[in-house]
file start_26.tsv (TSV, C-alpha atoms)
chain	number	residue	atom	x	y	z
A	1	MET	CA	78.08	136.17	71.27
A	2	PRO	CA	77.24	136.66	74.99
A	3	ALA	CA	75.16	133.89	76.53
A	4	PRO	CA	71.53	134.70	77.46
A	5	LEU	CA	71.15	135.66	81.11
A	6	ARG	CA	68.55	134.39	83.53
A	7	ALA	CA	65.95	136.78	84.90
A	8	VAL	CA	66.59	138.46	88.25
A	9	PRO	CA	64.64	136.47	90.90
A	10	MET	CA	61.34	138.09	91.83
A	11	PRO	CA	60.53	137.66	95.56
A	12	ALA	CA	56.95	136.74	96.40
A	13	THR	CA	56.53	139.61	98.86
A	14	ARG	CA	56.47	143.37	98.34
A	15	PHE	CA	59.57	145.48	98.85
A	16	ILE	CA	58.90	148.02	101.60
A	17	GLY	CA	60.72	151.33	102.10
A	18	ARG	CA	64.51	151.64	101.78
A	19	THR	CA	64.31	154.65	99.45
A	20	THR	CA	67.30	156.31	101.14
A	21	GLU	CA	69.35	153.13	100.89
A	22	LEU	CA	68.51	152.61	97.20
A	23	ALA	CA	69.53	156.18	96.44
A	24	ALA	CA	72.81	155.64	98.29
A	25	LEU	CA	73.52	152.50	96.26
A	26	ASP	CA	72.77	154.31	93.01
A	27	ASP	CA	75.32	156.93	93.98
A	28	LEU	CA	77.98	154.40	95.00
A	29	THR	CA	77.63	152.30	91.86
A	30	GLU	CA	78.10	155.43	89.76
A	31	ARG	CA	81.46	155.96	91.47
A	32	SER	CA	82.71	152.40	91.93
A	33	ARG	CA	82.50	149.20	89.87
A	34	LEU	CA	82.51	147.14	93.07
A	35	VAL	CA	80.03	147.88	95.85
A	36	THR	CA	79.75	145.51	98.80
A	37	LEU	CA	76.69	145.58	101.04
A	38	VAL	CA	77.85	144.61	104.52
A	39	GLY	CA	75.83	143.73	107.60
A	40	PRO	CA	74.75	140.92	109.92
A	41	GLY	CA	72.60	138.06	108.72
A	42	GLY	CA	68.95	138.99	108.32
A	43	CYS	CA	69.45	142.76	108.01
A	44	GLY	CA	68.10	142.82	104.44
A	45	LYS	CA	71.27	142.87	102.31
A	46	THR	CA	70.03	140.43	99.67
A	47	ARG	CA	66.61	141.99	99.19
A	48	LEU	CA	68.07	145.48	98.95
A	49	ALA	CA	70.69	144.32	96.44
A	50	LEU	CA	68.08	142.53	94.32
A	51	GLU	CA	65.94	145.66	94.11
A	52	HIS	CA	68.96	147.71	93.15
A	53	VAL	CA	70.21	145.42	90.36
A	54	ARG	CA	66.69	144.89	89.02
A	55	ALA	CA	66.43	148.66	88.54
A	56	ALA	CA	69.92	148.71	86.98
A	57	GLY	CA	68.92	146.25	84.27
A	58	GLY	CA	68.08	147.97	81.01
A	59	ARG	CA	69.87	151.21	81.83
A	60	ARG	CA	72.39	152.56	79.34
A	61	ASP	CA	76.07	152.27	80.18
A	62	HIS	CA	78.02	155.44	79.36
A	63	THR	CA	81.42	154.39	80.70
A	64	GLY	CA	82.64	152.37	77.72
A	65	PRO	CA	84.16	153.44	74.41
A	66	ASP	CA	80.97	152.93	72.39
A	67	GLU	CA	79.36	156.02	70.87
A	68	ASP	CA	76.01	154.26	71.29
A	69	PRO	CA	75.88	153.05	74.91
A	70	ARG	CA	74.40	149.59	75.32
A	71	GLU	CA	71.78	148.38	77.78
A	72	VAL	CA	73.09	146.94	81.02
A	73	ALA	CA	72.33	143.24	81.57
A	74	VAL	CA	72.12	141.72	85.07
A	75	ALA	CA	73.34	138.37	86.38
A	76	VAL	CA	72.66	137.00	89.88
A	77	VAL	CA	75.14	134.52	91.33
A	78	GLU	CA	73.92	132.84	94.53
A	79	LEU	CA	76.81	131.52	96.66
A	80	ALA	CA	75.11	130.59	99.95
A	81	THR	CA	75.28	126.84	99.22
A	82	VAL	CA	78.73	126.90	97.60
A	83	LEU	CA	81.23	125.49	100.10
A	84	ASP	CA	84.34	125.15	97.92
A	85	GLY	CA	86.06	128.35	96.84
A	86	ASP	CA	87.19	126.66	93.63
A	87	GLN	CA	83.52	126.51	92.59
A	88	VAL	CA	82.97	130.28	92.57
A	89	ALA	CA	83.99	130.71	88.93
A	90	PRO	CA	82.05	127.63	87.69
A	91	VAL	CA	78.89	128.78	89.50
A	92	PHE	CA	79.39	132.24	88.00
A	93	LEU	CA	79.68	130.65	84.54
A	94	GLU	CA	76.45	128.73	85.14
A	95	ALA	CA	74.64	131.96	86.03
A	96	LEU	CA	75.79	133.38	82.70
A	97	GLY	CA	74.30	130.41	80.91
A	98	ALA	CA	77.77	129.22	79.91
A	99	ARG	CA	79.21	125.75	80.32
A	100	ASP	CA	82.33	125.03	82.35
A	101	ASP	CA	84.94	123.67	79.91
A	102	PRO	CA	87.08	121.08	81.76
A	103	THR	CA	89.97	121.78	79.38
A	104	VAL	CA	90.10	125.47	80.34
A	105	GLU	CA	90.87	126.97	83.74
A	106	PRO	CA	87.47	128.19	85.08
A	107	LEU	CA	88.53	131.74	85.90
A	108	GLY	CA	90.12	132.22	82.48
A	109	ASN	CA	87.00	130.78	80.85
A	110	LEU	CA	84.85	133.17	82.86
A	111	VAL	CA	86.88	136.20	81.82
A	112	ASP	CA	86.63	135.09	78.19
A	113	GLN	CA	82.85	134.67	78.46
A	114	LEU	CA	82.53	138.22	79.79
A	115	ASP	CA	84.32	139.76	76.83
A	116	GLY	CA	82.18	142.57	75.44
A	117	GLN	CA	79.38	142.18	77.97
A	118	VAL	CA	77.90	145.27	79.61
A	119	LEU	CA	76.90	143.64	82.85
A	120	THR	CA	76.02	144.22	86.49
A	121	VAL	CA	76.63	141.11	88.59
A	122	LEU	CA	75.12	140.45	92.01
A	123	LEU	CA	77.28	138.05	94.02
A	124	ASP	CA	75.06	137.08	96.95
A	125	ASN	CA	76.13	135.64	100.33
A	126	CYS	CA	79.91	135.74	99.98
A	127	GLU	CA	81.08	135.88	103.60
A	128	HIS	CA	82.28	132.24	103.74
A	129	LEU	CA	84.19	132.56	100.45
A	130	VAL	CA	85.70	136.02	100.76
A	131	GLU	CA	89.20	135.19	99.48
A	132	SER	CA	87.95	133.16	96.51
A	133	VAL	CA	85.29	135.72	95.56
A	134	ALA	CA	87.85	138.53	95.85
A	135	ARG	CA	90.20	136.70	93.46
A	136	VAL	CA	87.43	136.24	90.87
A	137	VAL	CA	86.15	139.81	91.19
A	138	GLU	CA	89.62	141.33	90.93
A	139	ALA	CA	90.41	139.32	87.79
A	140	VAL	CA	87.18	140.40	86.11
A	141	LEU	CA	87.44	144.06	87.13
A	142	THR	CA	90.96	144.40	85.77
A	143	GLN	CA	90.20	142.71	82.44
A	144	ARG	CA	86.54	143.53	81.69
A	145	PRO	CA	85.92	147.27	82.16
A	146	LEU	CA	82.19	147.06	81.33
A	147	VAL	CA	81.41	144.65	84.17
A	148	ARG	CA	80.28	145.93	87.59
A	149	PHE	CA	79.71	144.04	90.83
A	150	VAL	CA	77.23	144.37	93.68
A	151	VAL	CA	78.18	142.00	96.51
A	152	THR	CA	76.43	140.98	99.73
A	153	SER	CA	78.61	139.75	102.58
A	154	ARG	CA	79.08	140.03	106.31
A	155	GLU	CA	82.53	141.47	105.64
A	156	PRO	CA	84.17	143.40	102.78
A	157	LEU	CA	86.17	141.63	100.07
A	158	GLY	CA	89.20	143.88	100.50
A	159	VAL	CA	89.63	144.45	96.75
A	160	SER	CA	91.16	147.70	95.53
A	161	GLY	CA	88.49	150.24	94.63
A	162	GLU	CA	85.77	148.50	96.66
A	163	ALA	CA	83.05	150.76	98.05
A	164	VAL	CA	81.57	149.36	101.27
A	165	TYR	CA	77.96	150.13	102.18
A	166	ARG	CA	76.92	149.13	105.68
A	167	VAL	CA	73.22	148.29	105.49
A	168	PRO	CA	71.33	150.00	108.33
A	169	SER	CA	68.32	148.63	110.16
A	170	LEU	CA	64.90	149.62	108.87
A	171	GLY	CA	63.65	152.97	110.10
A	172	VAL	CA	61.92	152.54	113.46
A	173	PRO	CA	59.51	154.74	115.43
A	174	ASP	CA	60.80	157.23	117.96
A	175	ALA	CA	60.45	156.32	121.62
A	176	GLY	CA	56.91	157.02	122.79
A	177	ALA	CA	55.55	157.45	119.26
A	178	SER	CA	51.86	156.70	118.79
A	179	PHE	CA	50.80	154.02	116.34
A	180	ALA	CA	49.33	156.68	114.04
A	181	ASP	CA	52.63	158.57	113.96
A	182	ALA	CA	54.70	155.39	113.59
A	183	ALA	CA	52.71	153.74	110.80
A	184	GLY	CA	54.76	155.47	108.12
A	185	THR	CA	58.13	154.17	109.31
A	186	ASP	CA	59.67	151.34	107.28
A	187	ALA	CA	59.74	148.82	110.13
A	188	VAL	CA	56.07	149.26	111.03
A	189	ALA	CA	55.01	149.32	107.38
A	190	LEU	CA	56.85	146.04	106.81
A	191	PHE	CA	55.28	144.48	109.93
A	192	LEU	CA	51.78	145.44	108.83
A	193	ASP	CA	52.32	144.28	105.24
A	194	ARG	CA	53.43	140.83	106.34
A	195	ALA	CA	50.73	140.60	109.02
A	196	LEU	CA	48.06	141.18	106.39
A	197	LEU	CA	49.42	138.24	104.40
A	198	VAL	CA	48.65	135.99	107.37
A	199	ARG	CA	45.32	137.59	108.32
A	200	THR	CA	43.83	139.53	105.44
A	201	ASP	CA	41.03	140.84	107.67
A	202	ALA	CA	43.37	142.01	110.43
A	203	ALA	CA	42.39	145.31	112.02
A	204	ILE	CA	44.90	146.91	114.39
A	205	ASP	CA	43.33	148.76	117.32
A	206	GLU	CA	45.17	151.32	119.45
A	207	ARG	CA	46.35	148.79	122.03
A	208	GLU	CA	47.63	146.37	119.40
A	209	GLY	CA	49.16	149.28	117.51
A	210	ASP	CA	51.20	150.28	120.54
A	211	ALA	CA	52.44	146.69	120.80
A	212	VAL	CA	53.44	146.72	117.13
A	213	VAL	CA	55.44	149.92	117.65
A	214	GLU	CA	57.23	148.39	120.64
A	215	ILE	CA	58.01	145.17	118.73
A	216	CYS	CA	59.49	147.13	115.85
A	217	ARG	CA	61.61	149.28	118.16

call {"tool": "encode", "arguments": {"input": "start_26.tsv", "output": "structure tokens"}}
result
Amino acid sequence: MPAPLRAVPMPATRFIGRTTELAALDDLTERSRLVTLVGPGGCGKTRLALEHVRAAGGRRDHTGPDEDPREVAVAVVELATVLDGDQVAPVFLEALGARDDPTVEPLGNLVDQLDGQVLTVLLDNCEHLVESVARVVEAVLTQRPLVRFVVTSREPLGVSGEAVYRVPSLGVPDAGASFADAAGTDAVALFLDRALLVRTDAAIDEREGDAVVEICR
């Protein structure tokens, strides 16, 4: 029986914008079982991926042989603090709620644990472990057809069939845009949302609004 999965982490702050990006990810994950979000540090890869996989949880998978498609489960594997490539499979096992058996090779154990699971896996912050992550992902993809991956990294994994999505910057105001016209752009909306967390009574006048627009640009 598959091990129980942990809940997808819920960030403390609201998710702002990115409707175009989420739609693009939905399309890519329909066409590829491995989608890698690529971009520099701080561009929003992790938050975007979390929102995508959270929405994927509970959907019905129609790609398998079952006449009655099963609900998709989600697992999040955080690799930012993992420094040894040999630990990728054990950390993955831990995220599944499974124990690493010292008598069994970790990757083989992982593949066994995934038998029969309809699962979307987020592998987060993989850029320092690209070769090791690629080896694990390739093994799972070739042996467990109901498992899909969403990966965040500063570079692609280079695995066959990988779809690479380069995460763009948040939408910013046009040059010379007024604060009123710019308030609906993702970057300004995010700025204002976070500013109100610091000063709940903040009121942005026209001069301050123009400064906000310039900061976001």

call {"tool": "atom_distance", "arguments": {"input": "start_26.tsv", "atom1": "CA of Leu93 in chain A", "atom2": "CA of Leu141 in chain A"}}
result
15.7 Å

call {"tool": "residues_near_point", "arguments": {"input": "start_26.tsv", "point": "(87.1, 134.2, 76.7)", "cutoff": "12 Å", "atoms": "only C-alpha atoms", "output": "PyMOL selection string"}}
result
chain A and resi 1-3+93+98+100-101+104-117+140+143-144

call {"tool": "atom_distance", "arguments": {"input": "start_26.tsv", "atom1": "CA of Val53 in chain A", "atom2": "CA of Glu131 in chain A"}}
result
23.4 Å

call {"tool": "axis_aligned_box", "arguments": {"input": "start_26.tsv", "around": "range 8-11 of chain A", "padding_each_side": "8 Å", "output": "JSON"}}
result
{"center_x": 63.6, "center_y": 137.5, "center_z": 91.9, "size_x": 22.1, "size_y": 18.0, "size_z": 23.3}

call {"tool": "residues_around", "arguments": {"input": "start_26.tsv", "residues": "range 202-207 of chain A", "least_positions_apart": "2", "cutoff": "12 Å", "atoms": "all atoms listed in the file", "output": "ChimeraX atom specification"}}
result
/A:178-183,188,191-200,209-214

call {"tool": "atom_distance", "arguments": {"input": "start_26.tsv", "atom1": "CA of Val133 in chain A", "atom2": "CA of Val121 in chain A"}}
result
12.4 Å
